[in-house]
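As provided, structure.txt (compact mmCIF, C-alpha atoms) reads as follows.
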# COMPACT_ATOMS: atom_id res chain seq x y z
CA MET A 250 20.08 4.00 -5.33
CA GLY A 251 16.90 2.93 -3.56
CA ALA A 252 18.72 1.41 -0.58
CA ASN A 253 17.52 2.44 2.87
CA LEU A 254 18.55 2.01 6.49
CA PRO A 255 17.30 2.95 9.97
CA VAL A 256 18.59 6.14 11.61
CA ASP A 257 19.11 5.62 15.33
CA VAL A 258 20.52 9.04 16.28
CA ASP A 259 18.51 12.23 16.84
CA ARG A 260 20.75 14.72 15.02
CA VAL A 261 22.18 14.04 11.58
CA ARG A 262 23.86 16.00 8.83
CA LEU A 263 23.26 15.45 5.10
CA GLU A 264 26.49 16.50 3.38
CA LEU A 265 26.69 17.09 -0.36
CA GLY A 266 30.17 16.83 -1.86
CA ARG A 267 31.90 16.70 -5.23
CA SER A 268 35.38 16.15 -6.65
CA ASP A 269 35.37 18.64 -9.53
CA GLY A 270 33.13 20.62 -11.87
CA PRO A 271 30.56 23.38 -11.34
CA ALA A 272 29.51 24.35 -7.83
CA VAL A 273 26.50 22.45 -6.51
CA SER A 274 23.90 23.96 -4.19
CA ALA A 275 21.98 22.01 -1.56
CA ALA A 276 18.60 22.61 0.05
CA ALA A 277 16.12 20.65 2.12
CA LEU A 278 12.37 20.40 1.58
CA LEU A 279 10.20 19.53 4.59
CA LEU A 280 7.36 17.40 3.28
CA THR A 281 4.05 16.15 4.63
CA GLY A 282 2.84 12.59 4.24
CA ALA A 283 1.34 13.65 0.89
CA GLY A 284 4.81 14.61 -0.35
CA ARG A 285 4.09 18.36 -0.40
CA VAL A 286 5.46 21.40 1.37
CA ARG A 287 3.06 23.40 3.55
CA SER A 288 4.50 26.76 2.50
CA GLY A 289 7.68 28.46 1.36
CA ALA A 290 8.94 28.20 4.94
CA ASP A 291 9.45 24.47 4.34
CA LEU A 292 12.45 25.27 2.14
CA VAL A 293 15.83 25.44 3.90
CA ALA A 294 18.63 26.68 1.65
CA ARG A 295 21.74 28.88 1.66
CA ASP A 296 19.66 32.08 1.43
CA GLN A 297 17.02 30.74 3.80
CA PRO A 298 19.15 28.83 6.30
CA GLY A 299 16.83 28.54 9.29
CA ALA A 300 17.37 30.14 12.66
CA PRO A 301 19.74 28.66 15.29
CA GLY A 302 17.84 26.00 17.18
CA ASP A 303 15.54 25.21 14.26
CA ALA A 304 14.95 21.52 13.53
CA VAL A 305 16.50 21.89 10.03
CA ARG A 306 19.38 24.26 9.22
CA HIS A 307 21.58 24.86 6.19
CA VAL A 308 25.23 24.63 7.26
CA GLY A 309 28.68 24.39 5.71
CA THR A 310 31.26 21.62 6.07
CA PRO A 311 35.01 21.96 6.80
CA ASP A 312 35.88 21.25 3.13
CA GLY A 313 33.54 23.96 1.82
CA ALA A 314 30.67 21.68 0.74
CA GLU A 315 27.03 22.38 1.52
CA ALA A 316 25.05 20.44 4.10
CA VAL A 317 21.78 20.37 5.97
CA GLU A 318 21.61 19.51 9.66
CA VAL A 319 18.42 17.89 10.95
CA ASP A 320 17.25 17.42 14.53
CA LEU A 321 14.89 14.52 13.97
CA ALA A 322 13.51 14.61 17.51
CA ALA A 323 12.46 18.25 17.09
CA LEU A 324 10.65 17.94 13.76
CA ARG A 325 6.94 18.62 13.72
CA ASP A 326 4.68 15.58 13.61
CA SER A 327 3.32 16.75 10.26
CA THR A 328 6.80 16.53 8.70
CA GLU A 329 7.04 12.99 7.36
CA ARG A 330 10.03 13.45 5.03
CA VAL A 331 13.07 15.70 4.67
CA ALA A 332 14.35 15.63 1.08
CA LEU A 333 17.86 16.86 0.28
CA CYS A 334 17.93 18.55 -3.14
CA ALA A 335 20.95 19.43 -5.28
CA TRP A 336 21.31 21.59 -8.37
CA THR A 337 23.80 23.62 -10.33
CA GLY A 338 23.45 26.96 -12.05
CA SER A 339 26.14 26.07 -14.64
CA GLY A 340 24.86 23.49 -17.07
CA THR A 341 24.01 19.94 -16.13
CA LEU A 342 24.96 17.89 -13.12
CA GLY A 343 26.66 15.51 -15.54
CA ARG A 344 29.58 17.98 -15.57
CA VAL A 345 30.07 17.40 -11.84
CA THR A 346 32.46 14.57 -11.00
CA GLY A 347 32.38 12.61 -7.78
CA LEU A 348 28.97 13.89 -6.69
CA ARG A 349 28.19 12.23 -3.38
CA LEU A 350 25.95 12.40 -0.35
CA ARG A 351 27.01 11.44 3.17
CA LEU A 352 24.70 10.90 6.12
CA VAL A 353 26.66 11.80 9.26
CA ALA A 354 25.80 11.62 12.96
CA ALA A 355 26.00 15.30 13.91
CA GLY A 356 27.35 14.69 17.42
CA SER A 357 30.09 12.13 16.78
CA GLY A 358 30.85 12.72 13.10
CA THR A 359 30.32 9.02 12.37
CA VAL A 360 29.41 8.38 8.71
CA LEU A 361 26.16 6.40 8.69
CA ALA A 362 25.74 6.14 4.92
CA HIS A 363 27.62 7.12 1.76
CA PHE A 364 25.84 7.45 -1.61
CA ASP A 365 27.74 8.08 -4.88
CA MET A 366 25.74 9.57 -7.75
CA ALA A 367 26.47 9.79 -11.47
CA PRO A 368 23.92 12.20 -13.01
CA ARG A 369 23.94 12.89 -16.73
CA SER A 370 21.66 15.50 -18.31
CA GLU A 371 19.82 16.48 -15.13
CA THR A 372 20.10 20.00 -13.77
CA ALA A 373 18.64 19.14 -10.35
CA LEU A 374 17.99 16.04 -8.30
CA VAL A 375 16.68 14.71 -5.00
CA ALA A 376 19.83 13.12 -3.64
CA GLY A 377 18.38 11.39 -0.57
CA GLU A 378 15.69 11.65 2.04
CA LEU A 379 14.96 11.05 5.69
CA TYR A 380 11.50 9.58 6.16
CA ARG A 381 9.36 8.54 9.10
CA ARG A 382 8.20 4.91 9.23
CA GLU A 383 6.19 3.46 12.11
CA GLY A 384 7.36 6.25 14.41
CA ARG A 385 11.04 5.78 13.55
CA TRP A 386 13.28 7.58 11.09
CA ARG A 387 15.00 5.97 8.12
CA PHE A 388 17.27 7.21 5.32
CA ARG A 389 16.83 6.38 1.63
CA ALA A 390 19.30 6.99 -1.22
CA VAL A 391 17.14 8.50 -3.98
CA GLY A 392 19.18 10.05 -6.84
CA GLN A 393 16.07 11.10 -8.76
CA GLY A 394 16.90 13.64 -11.47
CA TYR A 395 15.02 16.61 -12.93
CA ASP A 396 15.84 18.35 -16.20
CA HIS A 397 14.35 21.79 -15.47
CA GLY A 398 16.48 22.97 -12.61
CA PHE A 399 15.50 23.65 -9.04
CA ALA A 400 12.33 25.42 -10.19
CA GLY A 401 10.98 22.28 -11.85
CA LEU A 402 11.97 20.13 -8.87
CA ALA A 403 10.38 22.52 -6.37
CA ALA A 404 7.16 22.69 -8.36
CA ASP A 405 6.72 18.93 -8.07
CA PHE A 406 6.65 19.29 -4.29
CA GLY A 407 4.20 22.19 -4.20
CA LEU A 408 6.56 25.20 -4.37
CA THR A 409 5.04 27.05 -7.32
CA PRO A 410 6.48 29.37 -8.38
CA ALA A 411 9.89 28.39 -7.04
CA PRO A 412 10.94 30.79 -4.27
CA ALA A 413 12.92 33.78 -5.52
CA ARG A 414 15.31 33.64 -2.54
CA ALA A 415 16.62 30.17 -3.33
CA PRO A 416 20.19 30.44 -4.68
CA ARG A 417 20.55 29.94 -8.41
CA PRO A 418 16.98 28.77 -8.83
CA GLY A 419 17.44 27.64 -12.43
CA PRO A 420 15.06 28.18 -15.33
CA ALA A 421 11.36 28.84 -14.89
CA PRO A 422 9.12 25.78 -14.63
CA ARG A 423 8.32 24.24 -17.99
CA PRO A 424 4.81 24.81 -19.39
CA ALA A 425 2.26 22.09 -18.92
CA PRO A 426 2.80 19.28 -21.43
CA PRO A 427 0.33 18.98 -24.28
CA ALA A 428 -2.57 16.59 -23.87
CA ARG A 429 -1.49 13.02 -24.51
CA PRO A 430 -3.20 11.05 -27.24
CA GLN A 431 -6.04 8.90 -26.02
CA THR A 432 -5.42 5.24 -25.32
CA ARG A 433 -7.73 2.75 -26.97
CA GLY A 434 -11.06 2.74 -25.09
CA GLU A 435 -10.42 6.00 -23.26
CA GLU A 436 -13.11 7.77 -25.26
CA LEU A 437 -15.72 5.43 -23.74
CA LEU A 438 -15.11 6.55 -20.16
CA PRO A 439 -17.40 8.95 -18.26
CA ALA A 440 -16.18 12.54 -18.61
CA ASP A 441 -14.90 12.90 -15.03
CA MET A 442 -13.08 9.57 -15.09
CA GLY A 443 -11.63 10.33 -18.51
CA GLU A 444 -10.31 13.68 -17.25
CA ARG A 445 -8.69 12.04 -14.22
CA LEU A 446 -7.11 9.40 -16.44
CA SER A 447 -5.70 12.00 -18.85
CA LEU A 448 -4.08 13.98 -16.03
CA ARG A 449 -2.71 10.84 -14.43
CA LYS A 450 -1.17 9.67 -17.69
CA GLN A 451 0.74 12.95 -17.83
CA GLN A 452 1.91 12.42 -14.26
CA VAL A 453 3.00 8.85 -15.02
CA ALA A 454 4.96 10.16 -18.02
CA THR A 455 6.63 12.78 -15.82
CA SER A 456 7.65 10.16 -13.25
CA LEU A 457 9.12 7.95 -15.97
CA ARG A 458 10.95 10.90 -17.50
CA LYS A 459 12.59 11.60 -14.14
CA GLY A 460 13.99 8.08 -14.33
CA GLY A 461 15.29 8.67 -17.86
CA LEU A 462 12.50 6.78 -19.63
CA THR A 463 10.46 8.13 -22.52
CA GLY A 464 8.39 6.08 -24.91
CA VAL A 465 8.88 2.85 -22.96
CA THR A 466 6.33 0.07 -23.46
CA ALA A 467 5.65 -2.67 -20.93
CA ARG A 468 3.05 -5.22 -19.95
CA VAL A 469 1.39 -4.17 -16.68
CA ILE A 470 -0.12 -6.65 -14.21
CA LEU A 471 -2.13 -5.69 -11.12
CA VAL A 472 -2.28 -7.87 -7.98
CA LEU A 473 -4.72 -7.03 -5.15
CA ASP A 474 -4.64 -8.50 -1.66
CA ALA A 475 -8.08 -9.82 -0.62
CA SER A 476 -7.15 -11.28 2.77
CA GLY A 477 -9.48 -10.74 5.71
CA SER A 478 -7.61 -7.70 7.05
CA MET A 479 -8.21 -5.89 3.74
CA SER A 480 -12.00 -5.80 4.17
CA GLY A 481 -11.96 -2.26 5.61
CA LEU A 482 -9.97 -0.94 2.65
CA TYR A 483 -12.44 -2.53 0.24
CA ALA A 484 -15.43 -1.20 2.17
CA LYS A 485 -14.04 2.37 2.15
CA GLY A 486 -13.46 2.21 -1.60
CA THR A 487 -9.68 2.53 -1.15
CA VAL A 488 -8.90 -0.55 -3.26
CA ALA A 489 -11.18 0.61 -6.08
CA ARG A 490 -9.44 4.00 -6.11
CA VAL A 491 -6.03 2.30 -6.17
CA ALA A 492 -7.11 0.17 -9.13
CA GLU A 493 -8.32 3.26 -11.00
CA ARG A 494 -5.00 5.02 -10.37
CA MET A 495 -3.08 1.97 -11.61
CA ALA A 496 -5.16 1.93 -14.79
CA ALA A 497 -3.32 5.12 -15.78
CA VAL A 498 0.01 3.27 -15.59
CA ALA A 499 -1.30 0.57 -17.93
CA ALA A 500 -2.89 3.18 -20.20
CA LEU A 501 0.49 4.85 -20.70
CA LEU A 502 2.84 1.85 -20.69
CA ASP A 503 0.79 -0.92 -22.29
CA ASP A 504 0.33 -0.51 -26.02
CA ASP A 505 -3.24 -1.85 -26.01
CA GLY A 506 -4.42 -0.26 -22.73
CA THR A 507 -5.20 -3.69 -21.26
CA MET A 508 -4.08 -4.85 -17.82
CA GLN A 509 -4.09 -8.40 -16.45
CA ALA A 510 -5.14 -8.70 -12.82
CA TRP A 511 -5.14 -11.16 -9.93
CA THR A 512 -6.60 -11.21 -6.45
CA PHE A 513 -5.38 -13.47 -3.65
CA ALA A 514 -5.66 -14.53 -0.04
CA THR A 515 -5.30 -18.21 0.91
CA ARG A 516 -5.52 -18.97 -2.82
CA PRO A 517 -4.96 -16.82 -5.90
CA ALA A 518 -7.63 -16.10 -8.48
CA ARG A 519 -7.19 -14.47 -11.84
CA LEU A 520 -9.58 -11.62 -12.55
CA PRO A 521 -10.85 -10.79 -16.05
CA ASP A 522 -8.51 -8.50 -17.96
CA LEU A 523 -9.11 -4.81 -17.41
CA HIS A 524 -9.84 -3.12 -20.74
CA LEU A 525 -9.63 0.62 -20.36
CA GLY A 526 -13.05 1.42 -21.83
CA GLU A 527 -14.67 -0.96 -19.33
CA LEU A 528 -13.00 0.53 -16.26
CA PRO A 529 -16.17 1.64 -14.35
CA GLU A 530 -17.86 -1.73 -14.83
CA TRP A 531 -14.67 -3.65 -14.08
CA LEU A 532 -14.27 -1.83 -10.77
CA ARG A 533 -17.90 -2.54 -9.88
CA LEU A 534 -17.72 -6.23 -10.71
CA HIS A 535 -14.21 -7.18 -9.63
CA VAL A 536 -13.25 -4.78 -6.80
CA ARG A 537 -16.34 -5.45 -4.75
CA VAL A 538 -17.15 -3.36 -1.72
CA GLY A 539 -18.42 -5.50 1.13
CA GLN A 540 -17.98 -8.84 -0.63
CA LEU A 541 -15.08 -9.92 1.56
CA GLY A 542 -17.43 -9.97 4.51
CA VAL A 543 -19.04 -13.23 3.35
CA ILE A 544 -15.76 -15.16 3.45
CA GLY A 545 -15.76 -17.93 6.02
CA ARG A 546 -19.43 -17.40 6.92
CA LYS A 547 -22.49 -19.40 6.09
CA LYS A 548 -24.22 -16.26 4.90
CA ARG A 549 -25.45 -16.72 1.36
CA PRO A 550 -23.47 -14.46 -0.99
CA LYS A 551 -25.10 -12.37 -3.66
CA SER A 552 -25.40 -13.94 -7.08
CA ARG A 553 -22.36 -13.44 -9.28
CA ALA A 554 -22.14 -12.04 -12.78
CA ASP A 555 -20.28 -13.87 -15.52
CA GLY A 556 -16.54 -13.82 -14.87
CA GLN A 557 -16.81 -12.74 -11.24
CA VAL A 558 -14.67 -14.59 -8.73
CA ASP A 559 -16.46 -16.27 -5.84
CA MET A 560 -14.52 -14.69 -3.01
CA ARG A 561 -15.32 -17.64 -0.71
CA THR A 562 -12.91 -19.74 -2.79
CA VAL A 563 -10.10 -17.22 -2.24
CA GLY A 564 -10.07 -17.59 1.55
CA ILE A 565 -8.77 -15.11 4.14
CA GLN A 566 -5.07 -15.82 4.85
CA ASN A 567 -1.92 -14.30 3.32
CA GLU A 568 -0.29 -16.65 0.82
CA GLU A 569 1.60 -14.22 -1.42
CA GLN A 570 3.92 -16.91 -2.77
CA LYS A 571 1.01 -18.66 -4.51
CA VAL A 572 -0.09 -15.65 -6.52
CA ILE A 573 3.54 -14.81 -7.31
CA ALA A 574 3.91 -18.34 -8.74
CA ASP A 575 0.67 -17.91 -10.73
CA VAL A 576 1.84 -14.64 -12.27
CA ARG A 577 5.25 -16.13 -13.08
CA ALA A 578 3.57 -19.03 -14.85
CA TYR A 579 1.35 -16.66 -16.82
CA VAL A 580 4.34 -14.61 -18.00
CA ARG A 581 6.20 -17.78 -19.06
CA ASP A 582 3.13 -19.15 -20.89
CA HIS A 583 2.32 -15.83 -22.59
CA PRO A 584 5.68 -14.43 -23.68
CA VAL A 585 5.81 -10.94 -25.19
CA PRO A 586 8.83 -8.93 -26.45
CA LEU A 587 8.32 -6.46 -23.60
CA PRO A 588 9.28 -6.17 -19.95
CA THR A 589 6.51 -6.85 -17.43
CA LEU A 590 5.75 -4.56 -14.50
CA VAL A 591 3.78 -6.15 -11.64
CA LEU A 592 2.01 -3.70 -9.30
CA PHE A 593 1.35 -5.69 -6.13
CA PHE A 594 -0.77 -4.17 -3.33
CA SER A 595 -1.03 -5.68 0.17
CA ASP A 596 -1.75 -4.52 3.71
CA GLY A 597 0.89 -6.84 5.13
CA GLY A 598 0.55 -9.68 7.60
CA VAL A 599 3.23 -11.52 5.60
CA TYR A 600 4.33 -14.75 7.26
CA ARG A 601 5.46 -16.97 4.37
CA SER A 602 8.78 -15.13 4.02
CA LYS A 603 10.88 -18.17 3.06
CA GLU A 604 8.44 -19.27 0.37
CA ILE A 605 8.11 -15.72 -0.99
CA GLU A 606 11.88 -15.29 -1.07
CA ARG A 607 12.25 -18.57 -2.96
CA GLU A 608 9.75 -17.45 -5.63
CA LEU A 609 11.24 -13.98 -6.07
CA ARG A 610 14.80 -15.27 -6.20
CA ALA A 611 13.78 -17.71 -8.93
CA ALA A 612 12.11 -14.84 -10.79
CA ALA A 613 15.29 -12.73 -10.91
CA ASP A 614 16.20 -14.21 -14.33
CA GLU A 615 12.74 -13.46 -15.75
CA PRO A 616 11.74 -10.24 -17.59
CA VAL A 617 9.53 -9.09 -14.71
CA PHE A 618 9.90 -6.30 -12.14
CA TRP A 619 7.86 -6.71 -8.96
CA GLN A 620 6.80 -3.44 -7.34
CA PHE A 621 5.19 -4.08 -3.94
CA VAL A 622 3.17 -1.38 -2.19
CA GLY A 623 2.16 -1.68 1.46
CA LEU A 624 -1.21 -0.22 2.36
CA GLY A 625 -0.79 0.40 6.07
CA ARG A 626 1.56 -0.28 8.94
CA SER A 627 1.44 -4.07 9.14
CA HIS A 628 4.29 -6.59 9.04
CA TYR A 629 5.63 -7.02 5.49
CA GLY A 630 8.25 -9.66 6.19
CA VAL A 631 10.72 -10.37 3.40
CA LEU A 632 9.15 -7.76 1.10
CA GLU A 633 10.67 -4.95 3.19
CA TYR A 634 14.24 -6.11 2.88
CA PHE A 635 14.25 -8.28 -0.22
CA ASP A 636 15.99 -5.71 -2.42
CA THR A 637 18.99 -5.80 -0.05
CA LEU A 638 19.45 -9.57 -0.40
CA PRO A 639 22.48 -10.64 -2.49
CA GLY A 640 22.81 -13.55 -4.86
CA ARG A 641 20.48 -12.47 -7.68
CA THR A 642 21.20 -11.68 -11.32
CA VAL A 643 19.46 -8.30 -10.90
CA ASP A 644 17.46 -6.56 -8.17
CA ASN A 645 13.97 -7.44 -9.41
CA VAL A 646 11.90 -6.15 -6.46
CA GLY A 647 10.87 -2.73 -5.16
CA PHE A 648 8.91 -1.98 -2.00
CA PHE A 649 7.46 0.98 -0.16
CA ALA A 650 4.59 1.40 2.29
CA VAL A 651 2.17 4.25 2.90
CA ASP A 652 -0.04 4.81 5.93
CA ASP A 653 -3.01 6.12 3.92
CA VAL A 654 -2.71 5.82 0.15
CA ASP A 655 -5.74 8.09 -0.36
CA GLN A 656 -3.71 10.93 1.22
CA VAL A 657 -0.78 10.47 -1.18
CA ALA A 658 -1.06 12.79 -4.17
CA ASP A 659 -0.78 11.27 -7.63
CA PRO A 660 2.65 12.80 -8.47
CA GLU A 661 4.11 11.42 -5.24
CA LEU A 662 2.51 8.00 -5.69
CA TYR A 663 3.69 7.59 -9.28
CA ASP A 664 7.19 8.85 -8.44
CA ARG A 665 7.55 6.23 -5.72
CA LEU A 666 5.83 3.52 -7.76
CA LEU A 667 8.09 4.00 -10.79
CA SER A 668 11.41 5.04 -9.22
CA GLU A 669 13.07 1.59 -9.32
CA PHE A 670 11.56 0.27 -12.56
CA PRO A 671 13.96 2.30 -14.77
CA LEU A 672 16.95 1.05 -12.75
CA TRP A 673 15.83 -2.54 -13.18
CA LEU A 674 15.33 -2.04 -16.94
CA GLY A 675 18.93 -0.92 -17.37
CA ALA A 676 20.34 -3.66 -15.16
CA ALA A 677 18.18 -6.35 -16.77
CA ARG A 678 19.29 -5.38 -20.28
CA GLU A 679 22.94 -5.36 -19.22
CA ALA A 680 22.58 -8.79 -17.59
CA GLY A 681 20.78 -10.27 -20.61
CA VAL A 682 17.51 -10.79 -18.71
CA LEU A 683 15.86 -8.49 -21.28
CA ARG A 684 16.72 -8.85 -24.94

Show how you would write the structure in this file as C-alpha cells.
Amino acid sequence: MGANLPVDVDRVRLELGRSDGPAVSAAALLLTGAGRVRSGADLVARDQPGAPGDAVRHVGTPDGAEAVEVDLAALRDSTERVALCAWTGSGTLGRVTGLRLRLVAAGSGTVLAHFDMAPRSETALVAGELYRREGRWRFRAVGQGYDHGFAGLAADFGLTPAPARAPRPGPAPRPAPPARPQTRGEELLPADMGERLSLRKQQVATSLRKGGLTGVTARVILVLDASGSMSGLYAKGTVARVAERMAAVAALLDDDGTMQAWTFATRPARLPDLHLGELPEWLRLHVRVGQLGVIGRKKRPKSRADGQVDMRTVGIQNEEQKVIADVRAYVRDHPVPLPTLVLFFSDGGVYRSKEIERELRAAADEPVFWQFVGLGRSHYGVLEYFDTLPGRTVDNVGFFAVDDVDQVADPELYDRLLSEFPLWLGAAREAGVLR
C-alpha cells in the first residue's frame, strides 16, 4: 500500500480479482487535478462501460473477474488520475478472500504490478490509481477503504448523488456529520476563518476514518521551506493558505490545538508555536509575504516584531537535513506519550540526498512520521523514493507532490496527506516504536 512505479506502456488493464466470497464490482473514476469528476460521464462501470475506442473501457477477464482498460495516450489532458474502485453489494469487503489488483500491459499481457488487499469492515475502496506526474504516467497502490458503499466513495469524488446506473450502488450517502466540538481558541477566530476551520476539521476526520482511525491524538509539527525558489509561493499567499489548512489537522489531532513550526533554507529556524486562537496574527507575522525578497541583498529589511525570525539568517539554499535534525532533537528533548506527525512542505531543489537519507533512516526508530509534500514540479531527490528503501524498522516517510496546491480541494489534500499515517501507526506499534 502506497508503493508506486512508472508506467512505460500506453495501454494497460487494471484487473480486480478474488479467491472466494461475495462478488466484487469494479469501476473507474476519471479525475481532474483537483481530484474530482467533471460529470457522471467520468464514471466507467459495468452498466456504463464506455464505447469501443474510448480511452477507458470496462472489460472482463478470462477468469470472469472485472477489469478496466485504459489507453493512457488517448486520455484528455484534463484527466490527471484514473482511480479503480471496488465494492460489493453483499456485506463488507472483509468477507472477500484474496482480493487483489493487477496492473497488466494490455498488448503483451505482462503483469507490471500486483497488489494484495485485506479489507475488513469497508464496503468499498479505491484499490489503485494511475496518475500523471511531470507528463508521465505512474501507478500507485492505494487500498483506501470506505464504509458507506460505492455511494459514499463516489460522493467524495464529486458524484453526488451516486449515479443510478452504477451496478449495486450500495446504501445512500450518509448524512453530514454533526458539527465537531470547538478546539481551544477556535472561538477567537474571525467568523469566516472559524467556519473554514470547522469544515476542514470534519474533512480531516473523514480522511482519518478512511484509514481506520477515530479519536487518535498526535503532536503535529509544521515545516515550511523558505529557500529562494519559494519566494513566488510566499508572495502569492500560497504558503499562508497551506499553513491555515494544516492548522485544521493540528486542531483535530492535537489535544491542545497547538502546533510547533519551523522554517528553513540554508539554516533552520524555529517559529513561535501556533496557538489556534492566534492563527490570523501568526500567519501575518511568521508566513511573511515578500519578506524572502530581502535575503542576500543589502536592502534594509522592515523592523521585526517580537519573536519574528530574521529571514536573512535563514539563507536561500536547500538544506533539509538540518531542519530534520532540529525537529528530531526537539522531539527527543520534549517527549510526549503520543505519536508525532511532521507536515513538511517544500518546492524541491533537493540536493543533499545522502545527508537527508541518513537523518531519516536514523529517525525510523523514533515515534515520528514524516509526511513530505512537494509544491511544484522540481527535483525532490531522495524524498521521492525514500519509502521504497529497505533496511528500516518501519516505513516512516510519506511523499507526494502537487502542481498547484491551491487547486487541490480540501478532501483530496487531506486524503493524500493522511493516507500513510495510519499505516505507520499500526506498523510502529507492532515494531515497538510506539508504546

Exercise. Within 8 Å of Leu254 (chain A), counting only C-alpha atoms, which residues show up once you throw out same-chain ones fewer than 5 positions away? Write them as a list in words, please.
Key: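 Here the qualifying residues turn out to be Arg387, Phe388 and Arg389 of chain A.
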
Quiz item: Pick from A:Asp396, A:Asp269, A:Glu383, A:Glu329: nearest to Ser370 (chain A), with all atoms listed in the file counted?
Solution: A:Asp396

I'd like the contact shell of Val345 (chain A) - 7 Å cut-off, all atoms listed in the file, skipping same-chain residues fewer than 5 positions apart - returned as a PDB file with C-alpha atoms, in the frame of the given file.
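The resulting file, around-v7.pdb, is reproduced below:
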ATOM      1  CA  ARG A 267      31.900  16.700  -5.230  1.00  0.00           C
ATOM      2  CA  ASP A 269      35.370  18.640  -9.530  1.00  0.00           C
ATOM      3  CA  GLY A 270      33.130  20.620 -11.870  1.00  0.00           C
ATOM      4  CA  PRO A 271      30.560  23.380 -11.340  1.00  0.00           C
TER       5      PRO A 271
END

Quiz item: Which neighbours of region 474-487 of chain A fall inside 10 Å, counting only C-alpha atoms, when residues of the same chain fewer than 4 positions from it are skipped, and could you give them as a ChimeraX atom specification?
Solution: /A:491-493,511-517,536-542,544-545,560,563-569,572,593-598,624-625,627,653-655

Quiz item: Which distance in Å separates CA of Gly443 (chain A) and CA of Leu462 (chain A), to one decimal?
Solution: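 These atoms are spaced 24.4 Å apart.
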
Leu457 (chain A) surroundings by only C-alpha atoms, 8 Å radius, close-in-sequence under 5 positions cut, as a tab-separated table (two decimals) with C-alpha atoms, in the frame of the given file:
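What ended up in result36.tsv:
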chain	number	residue	atom	x	y	z
A	462	LEU	CA	12.50	6.78	-19.63
A	463	THR	CA	10.46	8.13	-22.52
A	664	ASP	CA	7.19	8.85	-8.44
A	667	LEU	CA	8.09	4.00	-10.79
A	668	SER	CA	11.41	5.04	-9.22
A	671	PRO	CA	13.96	2.30	-14.77

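As for CA of Leu672 (chain A) and CA of Met250 (chain A), they are spaced 8.6 Å apart.
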
Exercise. State, in Å with one decimal place, the distance from CA of Ala489 (chain A) to CA of Arg533 (chain A).
Key: 8.3 Å

Exercise. Up to 10 Å from (10.0, -14.9, -6.3) in the file's coordinates: name the residues, counting all atoms listed in the file, as a list in words.
Key: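 Answer for this query, in the requested form: Glu569, Gln570, Lys571, Ile573, Ala574, Arg577, Lys603, Glu604, Ile605, Glu606, Arg607, Glu608, Leu609, Arg610, Ala611, Ala612, Ala613, Glu615, Trp619, Phe635, Asn645 and Val646 of chain A.
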
Write the residues you've just listed into a file as an mmCIF file, in the frame of the given file, and include C-alpha atoms for each of them.
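Below is the file that was written, out36.cif:
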data_model
loop_
_atom_site.group_PDB
_atom_site.id
_atom_site.type_symbol
_atom_site.label_atom_id
_atom_site.label_comp_id
_atom_site.auth_asym_id
_atom_site.auth_seq_id
_atom_site.Cartn_x
_atom_site.Cartn_y
_atom_site.Cartn_z
ATOM 1 C CA GLU A 569 1.600 -14.220 -1.420
ATOM 2 C CA GLN A 570 3.920 -16.910 -2.770
ATOM 3 C CA LYS A 571 1.010 -18.660 -4.510
ATOM 4 C CA ILE A 573 3.540 -14.810 -7.310
ATOM 5 C CA ALA A 574 3.910 -18.340 -8.740
ATOM 6 C CA ARG A 577 5.250 -16.130 -13.080
ATOM 7 C CA LYS A 603 10.880 -18.170 3.060
ATOM 8 C CA GLU A 604 8.440 -19.270 0.370
ATOM 9 C CA ILE A 605 8.110 -15.720 -0.990
ATOM 10 C CA GLU A 606 11.880 -15.290 -1.070
ATOM 11 C CA ARG A 607 12.250 -18.570 -2.960
ATOM 12 C CA GLU A 608 9.750 -17.450 -5.630
ATOM 13 C CA LEU A 609 11.240 -13.980 -6.070
ATOM 14 C CA ARG A 610 14.800 -15.270 -6.200
ATOM 15 C CA ALA A 611 13.780 -17.710 -8.930
ATOM 16 C CA ALA A 612 12.110 -14.840 -10.790
ATOM 17 C CA ALA A 613 15.290 -12.730 -10.910
ATOM 18 C CA GLU A 615 12.740 -13.460 -15.750
ATOM 19 C CA TRP A 619 7.860 -6.710 -8.960
ATOM 20 C CA PHE A 635 14.250 -8.280 -0.220
ATOM 21 C CA ASN A 645 13.970 -7.440 -9.410
ATOM 22 C CA VAL A 646 11.900 -6.150 -6.460
#

Quiz prompt | Protein/DNA/RNA residues near (23.0, -11.9, -14.4), cut 9 Å, only C-alpha atoms, as a VMD selection string | solution = chain A and resid 613 to 614 641 to 643 676 to 677 679 to 682

Quiz item: Smallest atom-to-atom distance to Thr337 (chain A): which of A:Ala275, A:Val585, A:Ala518, A:Leu408, using all atoms listed in the file?
Solution: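 Checking each of A:Ala275, A:Val585, A:Ala518, A:Leu408 against Thr337 (chain A), counting all atoms listed in the file, the winner is A:Ala275.
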
Quiz item: Looking at A:Met508, A:Ala354, A:Val469, A:Val488, which one is nearest to Arg260 (chain A), with distances taken over all atoms listed in the file?
Solution: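 Of the candidates, the smallest distance to Arg260 (chain A) is held by A:Ala354.
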
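Using only C-alpha atoms for every distance, the candidate list A:Leu587, A:Ala355, A:Leu279, A:Leu292 yields A:Leu279 as the residue closest to Thr328 (chain A).
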
Practice problem: Could you tell me which of A:Ile470, A:Leu342, A:Val498, A:Leu525 comes closest to Tyr579 (chain A) if we count only C-alpha atoms? | Solution: A:Ile470

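Using all atoms listed in the file for every distance, the candidate list A:Arg285, A:Val273, A:Ala404, A:Val258 yields A:Arg285 as the residue closest to Gln656 (chain A).
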